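Asks: I have a structure I would like to understand better, so I am pasting it below and will then ask my questions one at a time.
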Amino acid sequence: MINNYQKVLNDNKTLNSKKLILRRFKKEDSKDVYEFGSDEETLKYLTWNGFKTIGDAKSTIINHYWKRQGIYAIELKEENKCIGCIDFRLKPEHEKASFGYVLNRKYWGKGYMTEALSKLLEFYFSKLDLNRVEATHYVGNEGSGKVMIKCGMEFEGIAKKEVKVKGVFHDVVHYGITKEKWLASHLIY
């Protein structure tokens, strides 16, 4: 089973939607990654502290993003620009995955993250044949939850003070979707 997932991942390094390309990161993305990875408002609900320099962004691309399967740069086709990142964490033993994402604040509210997540869910269920996908966001970051809801995910509950991020405990909102639910109502971009 795990080898099948590896093959599918190797065969699908790029995912295309109407306005976006989900692809491997390139060194040339360093400036774009720094742009969203150094913005305090964008980083507010993320567990990492962001980048101090473009060199930090380039080093992260080379030393982390290239080494992990399932982490995609989000490229806006019309601008040929990396505007964010979406990654998934596969749990093959449970036939499920989770994901996380970040988007350059200049592109919030335009439907790009909904489009990227919809494409990723399509990949999860149609190519990887997973049974379930789940994700979380912190209370206060309701925009992230709206993206999940638009993609058909269902609210599953709130865990009080579940994680400590940057010295502050956060309540965590949980969402999930099963393949059965996705097949009944999915959106394809």
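So you can find residues: chains in the structure tokens are A, B, ... in the order shown, residues in each start at 1, and ligands are numbered from 1 in order.
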List the neighbours of Lys81 of chain A out to 9 Å using only C-alpha atoms; skip same-chain residues closer than 5 positions along the sequence, and give me the result as a ChimeraX atom specification.

Replies: /A:29,32,74-76

Asks: Just C-alpha atoms for this one: save the residues we selected as a short mmCIF file (atom, residue, chain, number, x, y, z; two decimals), in the first residue's frame.

Replies:
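The result, stored in result.cif:
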data_model
loop_
_atom_site.label_atom_id
_atom_site.label_comp_id
_atom_site.auth_asym_id
_atom_site.auth_seq_id
_atom_site.Cartn_x
_atom_site.Cartn_y
_atom_site.Cartn_z
CA ASP A 29 10.69 31.15 -5.63
CA ASP A 32 8.07 35.14 -3.34
CA ILE A 74 1.01 27.50 -5.18
CA GLU A 75 1.75 29.34 -8.41
CA LEU A 76 -0.71 31.87 -9.80
#

Asks: Could you give me the residues within segment 39-176 of chain A that DSSP places in alpha helix (DSSP H), as a ChimeraX atom specification?

Replies: /A:40-43,54-60,112-122,142-150

Asks: At a cut-off of 10 Å, can you tabulate as a tab-separated table every residue of segment 33-53 of chain A near segment 82-94 of chain A together with its closest atom pair and the distance in Å to one decimal, using only C-alpha atoms and ordering rows by chain then number?

Replies:
residue	atom	partner	partner_atom	distance
A:Val33	CA	A:Cys82	CA	7.0
A:Glu35	CA	A:Ile83	CA	8.7
A:Phe36	CA	A:Gly84	CA	7.1
A:Gly37	CA	A:Gly84	CA	8.8

Asks: Check the smallest atom-to-atom distance from each of A:Gly70, A:Thr114, A:Glu180, A:Lys106 to Asp11 of chain A using only C-alpha atoms, then report the winner.

Replies: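 Between A:Gly70, A:Thr114, A:Glu180, A:Lys106, the residue approaching Asp11 of chain A most closely is A:Gly70.
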
Asks: Mind giving me the straight-line distance from atom CA of Val139 of chain A to atom CA of Leu46 of chain A in Å, one decimal?

Replies: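 Taking atom CA of Val139 of chain A and atom CA of Leu46 of chain A, their separation equals 12.3 Å.
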
Asks: Neighbouring residues of Lys26 of chain A were defined as those with any atom within 9 Å, considering only C-alpha atoms; residues of the same chain fewer than 6 positions away were excluded. Please report them as a count of residues only.

Replies: 5
